[in-house]
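Student: There's a structure below that I have some questions on.
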Amino acid sequence: MSATDVKIDVKNLTVAYGDFVLMKNVSFEVKKGEIFIIMGTSGGGKSSLLRVLTGLVPPAAGKVIVDGVDFARAGAHEKDLIMRRCGILYQSGALFSSMTLGENIALPLQQYTDYSDSLINELVRLKLALVGLAGFEDFYPSEISGGMKKRAGLARALALDPEIVYFDEPSAGLDPISSKLLDDLILDINESLGTTIVVVTHELSSIFAIGGNSIFLDADAKGVTAYGNPKELLKNPPNEKIYEFLTRGDVKHAKRT
């Protein structure tokens, strides 16, 4: 893999809270345009790793290199430029309840661009249509379902045409049908826009449906104990714990997959 193929390069990362080390010596690469899964045992640090990747928490040691720049140690201006090329979909969607969906999506466009109101309104309609919510500009978050809130949150994450989109447990709180629709949407966005996507999830259906590459975080080992395509990891598991995770202890599931 050439350096130009790598979008995110994590090198010898240590995440700690005070004296408590959550993970250490974590290294992996995310290629441009791939869907990368962060999975693992409870307490392994999946969400904490995501916070480090998105710049919300500094690492105790190591590097997070985005497009050749050490994001964790970049200056304020350089870090801001990188963050503008990233979008984040939080578990709840994190929409502002007092604002309509259209106003939620318009907000980053108003803050970070000098676009006219008419162009912003056009882009809002386009982003909502992209996630299957055409015509919902004037609805408030309280007036739509949980799955629709996730899609509206994704529309806002896509407002500035990011090169990278991070997802924190996107299927959390969704029924199987809504979860499948969101997985399909993630695949469509990745394929049509070439967006690099990083997903924290423990949902097996999503892991196998969308994951092109992945890491497995083990709380006991305090780090990565498996790295590769989820389906390949299931076929040739490097350790018992990843096999148990990917089958939930169900051998029949492993055979079906």
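Chain identifiers are assigned as A, B, and so on, following the order in which chains appear in the structure tokens; residues are numbered from 1 within each chain, and ligands are numbered from 1 in order of appearance.
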Could you list, as a PyMOL selection string, every residue within 9 Å of region 241-250 of chain A, counting only C-alpha atoms and ignoring same-chain residues fewer than 3 positions away?
Tutor: chain A and resi 40-41+202+204+207+216+218+225-226+230-231+233-238+253-254
Student: Print the selection's residues with C-alpha atoms to a file, as a PDB file, in the first residue's frame.
Tutor:
ATOM      1  CA  GLY A  40     -14.311  -5.306  20.342  1.00  0.00           C
ATOM      2  CA  THR A  41     -15.239  -6.445  23.810  1.00  0.00           C
ATOM      3  CA  HIS A 202     -20.782  -4.361  17.888  1.00  0.00           C
ATOM      4  CA  LEU A 204     -22.609  -8.524  13.674  1.00  0.00           C
ATOM      5  CA  ILE A 207     -19.966  -5.718  10.616  1.00  0.00           C
ATOM      6  CA  PHE A 216     -10.720  -5.902  17.265  1.00  0.00           C
ATOM      7  CA  ASP A 218      -9.580  -6.561  23.553  1.00  0.00           C
ATOM      8  CA  THR A 225      -5.719  -8.552  18.895  1.00  0.00           C
ATOM      9  CA  ALA A 226      -7.141  -8.903  15.373  1.00  0.00           C
ATOM     10  CA  PRO A 230     -14.280  -9.327   9.242  1.00  0.00           C
ATOM     11  CA  LYS A 231     -15.291 -12.237   6.993  1.00  0.00           C
ATOM     12  CA  LEU A 233     -11.225 -13.069  10.454  1.00  0.00           C
ATOM     13  CA  LEU A 234     -14.217 -15.368  10.875  1.00  0.00           C
ATOM     14  CA  LYS A 235     -12.779 -17.906   8.435  1.00  0.00           C
ATOM     15  CA  ASN A 236      -9.306 -17.782   9.995  1.00  0.00           C
ATOM     16  CA  PRO A 237      -9.659 -16.362  13.515  1.00  0.00           C
ATOM     17  CA  PRO A 238      -6.305 -15.406  15.081  1.00  0.00           C
ATOM     18  CA  HIS A 253     -23.946 -18.630  12.534  1.00  0.00           C
ATOM     19  CA  ALA A 254     -20.329 -19.111  11.519  1.00  0.00           C
TER      20      ALA A 254
END
Student: Using only C-alpha atoms, which protein or nucleic acid residues come within 6 Å of region 62-69 of chain A? Drop anything in the same chain fewer than 4 positions from it, and give the result as a PyMOL selection string.
Tutor: chain A and resi 7-13
Student: Any chance you can output those residues with N, CA, C and O atoms as a PDB file, in the first residue's frame?
Tutor:
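Below is the file out-v1.pdb, written as the result:
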ATOM      1  N   LYS A   7      -5.520   7.061   4.299  1.00  0.00           N
ATOM      2  CA  LYS A   7      -6.223   8.266   4.740  1.00  0.00           C
ATOM      3  C   LYS A   7      -5.924   8.564   6.203  1.00  0.00           C
ATOM      4  O   LYS A   7      -5.682   9.711   6.586  1.00  0.00           O
ATOM      5  N   ILE A   8      -5.986   7.521   7.041  1.00  0.00           N
ATOM      6  CA  ILE A   8      -5.722   7.670   8.479  1.00  0.00           C
ATOM      7  C   ILE A   8      -4.671   6.642   8.869  1.00  0.00           C
ATOM      8  O   ILE A   8      -4.841   5.449   8.597  1.00  0.00           O
ATOM      9  N   ASP A   9      -3.601   7.092   9.490  1.00  0.00           N
ATOM     10  CA  ASP A   9      -2.508   6.211   9.897  1.00  0.00           C
ATOM     11  C   ASP A   9      -2.300   6.359  11.405  1.00  0.00           C
ATOM     12  O   ASP A   9      -1.846   7.410  11.875  1.00  0.00           O
ATOM     13  N   VAL A  10      -2.673   5.335  12.141  1.00  0.00           N
ATOM     14  CA  VAL A  10      -2.544   5.349  13.604  1.00  0.00           C
ATOM     15  C   VAL A  10      -1.281   4.578  13.977  1.00  0.00           C
ATOM     16  O   VAL A  10      -1.120   3.417  13.603  1.00  0.00           O
ATOM     17  N   LYS A  11      -0.387   5.229  14.715  1.00  0.00           N
ATOM     18  CA  LYS A  11       0.910   4.636  15.025  1.00  0.00           C
ATOM     19  C   LYS A  11       1.152   4.597  16.535  1.00  0.00           C
ATOM     20  O   LYS A  11       1.169   5.646  17.198  1.00  0.00           O
ATOM     21  N   ASN A  12       1.299   3.398  17.063  1.00  0.00           N
ATOM     22  CA  ASN A  12       1.702   3.180  18.463  1.00  0.00           C
ATOM     23  C   ASN A  12       0.896   4.036  19.443  1.00  0.00           C
ATOM     24  O   ASN A  12       1.450   4.680  20.341  1.00  0.00           O
ATOM     25  N   LEU A  13      -0.404   4.016  19.283  1.00  0.00           N
ATOM     26  CA  LEU A  13      -1.286   4.878  20.065  1.00  0.00           C
ATOM     27  C   LEU A  13      -1.525   4.316  21.460  1.00  0.00           C
ATOM     28  O   LEU A  13      -1.806   3.132  21.625  1.00  0.00           O
TER      29      LEU A  13
END
Student: Write out as a list of chain:residue names the residues lying within 7 Å of Pro59 (chain A), counting only C-alpha atoms and excluding same-chain residues fewer than 6 positions away.
Tutor: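 The residues satisfying every condition are A:Leu13, A:Thr14, A:Val15, A:Val52.
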Student: Mind dumping the selected residues with N, CA, C and O atoms as a short mmCIF file (atom, residue, chain, number, x, y, z; two decimals), in the first residue's frame?
Tutor:
data_model
loop_
_atom_site.label_atom_id
_atom_site.label_comp_id
_atom_site.auth_asym_id
_atom_site.auth_seq_id
_atom_site.Cartn_x
_atom_site.Cartn_y
_atom_site.Cartn_z
N LEU A 13 -0.40 4.02 19.28
CA LEU A 13 -1.29 4.88 20.06
C LEU A 13 -1.52 4.32 21.46
O LEU A 13 -1.81 3.13 21.62
N THR A 14 -1.44 5.18 22.45
CA THR A 14 -1.81 4.85 23.82
C THR A 14 -2.91 5.80 24.26
O THR A 14 -2.79 7.02 24.10
N VAL A 15 -4.01 5.24 24.78
CA VAL A 15 -5.11 6.04 25.31
C VAL A 15 -5.20 5.78 26.80
O VAL A 15 -5.28 4.62 27.23
N VAL A 52 -10.44 9.94 20.22
CA VAL A 52 -9.07 10.32 19.88
C VAL A 52 -8.95 10.59 18.38
O VAL A 52 -8.34 11.58 17.95
#
Student: Which residues in region 39-193 of chain A does DSSP call alpha helix (DSSP H)? List them as a ChimeraX atom specification.
Tutor: /A:46-53,76-84,101-112,117-130,146-157,176-193
Student: Just how far from CA of Phe167 (chain A) is CA of Val131 (chain A), in Å to one decimal?
Tutor: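 Going from CA of Val131 (chain A) over to CA of Phe167 (chain A) covers 14.9 Å.
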Student: I need the residue nearest Lys127 (chain A) from this list: A:Gly18, A:Gly33, A:Pro58, A:Gly102. Use only C-alpha atoms for the distance.
Tutor: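 Among the listed residues, the smallest separation from Lys127 (chain A) belongs to A:Gly102.
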Student: Can you tell me which residues surround region 177-193 of chain A at a distance of at most 8 Å, considering only C-alpha atoms, apart from same-chain residues fewer than 3 positions away, and format the answer as a JSON list (two decimals) with N, CA, C and O atoms, in the first residue's frame?
Tutor:
[["chain", "number", "residue", "atom", "x", "y", "z"],
["A", 33, "GLY", "N", -11.37, 5.73, 0.96],
["A", 33, "GLY", "CA", -12.54, 5.16, 0.34],
["A", 33, "GLY", "C", -12.99, 3.83, 0.88],
["A", 33, "GLY", "O", -13.88, 3.20, 0.30],
["A", 34, "GLU", "N", -12.43, 3.37, 2.00],
["A", 34, "GLU", "CA", -12.88, 2.09, 2.55],
["A", 34, "GLU", "C", -13.80, 2.29, 3.74],
["A", 34, "GLU", "O", -13.87, 3.39, 4.32],
["A", 35, "ILE", "N", -14.54, 1.23, 4.08],
["A", 35, "ILE", "CA", -15.36, 1.23, 5.30],
["A", 35, "ILE", "C", -14.61, 0.41, 6.33],
["A", 35, "ILE", "O", -14.40, -0.79, 6.16],
["A", 131, "VAL", "N", -30.30, 11.07, 1.95],
["A", 131, "VAL", "CA", -30.53, 10.08, 3.02],
["A", 131, "VAL", "C", -31.98, 9.61, 3.07],
["A", 131, "VAL", "O", -32.42, 9.01, 4.05],
["A", 147, "GLY", "N", -35.00, 5.99, 13.53],
["A", 147, "GLY", "CA", -34.23, 5.75, 12.32],
["A", 147, "GLY", "C", -34.11, 6.98, 11.46],
["A", 147, "GLY", "O", -33.05, 7.23, 10.86],
["A", 151, "ARG", "N", -30.78, 9.22, 10.16],
["A", 151, "ARG", "CA", -30.54, 9.64, 8.78],
["A", 151, "ARG", "C", -30.41, 11.16, 8.68],
["A", 151, "ARG", "O", -29.59, 11.66, 7.91],
["A", 170, "PRO", "N", -23.93, 3.29, 15.01],
["A", 170, "PRO", "CA", -25.07, 3.82, 14.25],
["A", 170, "PRO", "C", -26.36, 3.02, 14.40],
["A", 170, "PRO", "O", -27.45, 3.57, 14.23],
["A", 171, "SER", "N", -26.26, 1.73, 14.72],
["A", 171, "SER", "CA", -27.47, 0.89, 14.82],
["A", 171, "SER", "C", -28.08, 0.91, 16.21],
["A", 171, "SER", "O", -29.13, 0.29, 16.43],
["A", 174, "LEU", "N", -32.02, 1.02, 17.12],
["A", 174, "LEU", "CA", -32.82, 0.82, 15.91],
["A", 174, "LEU", "C", -33.32, -0.62, 15.82],
["A", 174, "LEU", "O", -32.65, -1.55, 16.26],
["A", 196, "THR", "N", -14.46, 7.99, 2.87],
["A", 196, "THR", "CA", -13.83, 7.07, 3.82],
["A", 196, "THR", "C", -14.70, 7.03, 5.07],
["A", 196, "THR", "O", -15.06, 8.08, 5.62],
["A", 197, "ILE", "N", -15.04, 5.83, 5.53],
["A", 197, "ILE", "CA", -15.99, 5.68, 6.63],
["A", 197, "ILE", "C", -15.39, 4.82, 7.73],
["A", 197, "ILE", "O", -14.85, 3.75, 7.46],
["A", 206, "SER", "N", -24.17, -5.67, 10.80],
["A", 206, "SER", "CA", -23.53, -4.51, 10.18],
["A", 206, "SER", "C", -22.06, -4.78, 9.88],
["A", 206, "SER", "O", -21.55, -4.41, 8.81],
["A", 209, "ALA", "N", -21.94, -6.91, 6.82],
["A", 209, "ALA", "CA", -22.58, -6.31, 5.65],
["A", 209, "ALA", "C", -21.77, -5.18, 5.05],
["A", 209, "ALA", "O", -21.71, -5.03, 3.82],
["A", 210, "ILE", "N", -21.11, -4.37, 5.88],
["A", 210, "ILE", "CA", -20.45, -3.17, 5.36],
["A", 210, "ILE", "C", -18.94, -3.16, 5.54],
["A", 210, "ILE", "O", -18.25, -2.39, 4.86]]
Student: Of the candidates A:Asp138, A:Glu143, A:Glu163, A:Asp70, which shows the shortest atom-to-atom distance to Lys31 (chain A), using only C-alpha atoms?
Tutor: A:Glu163
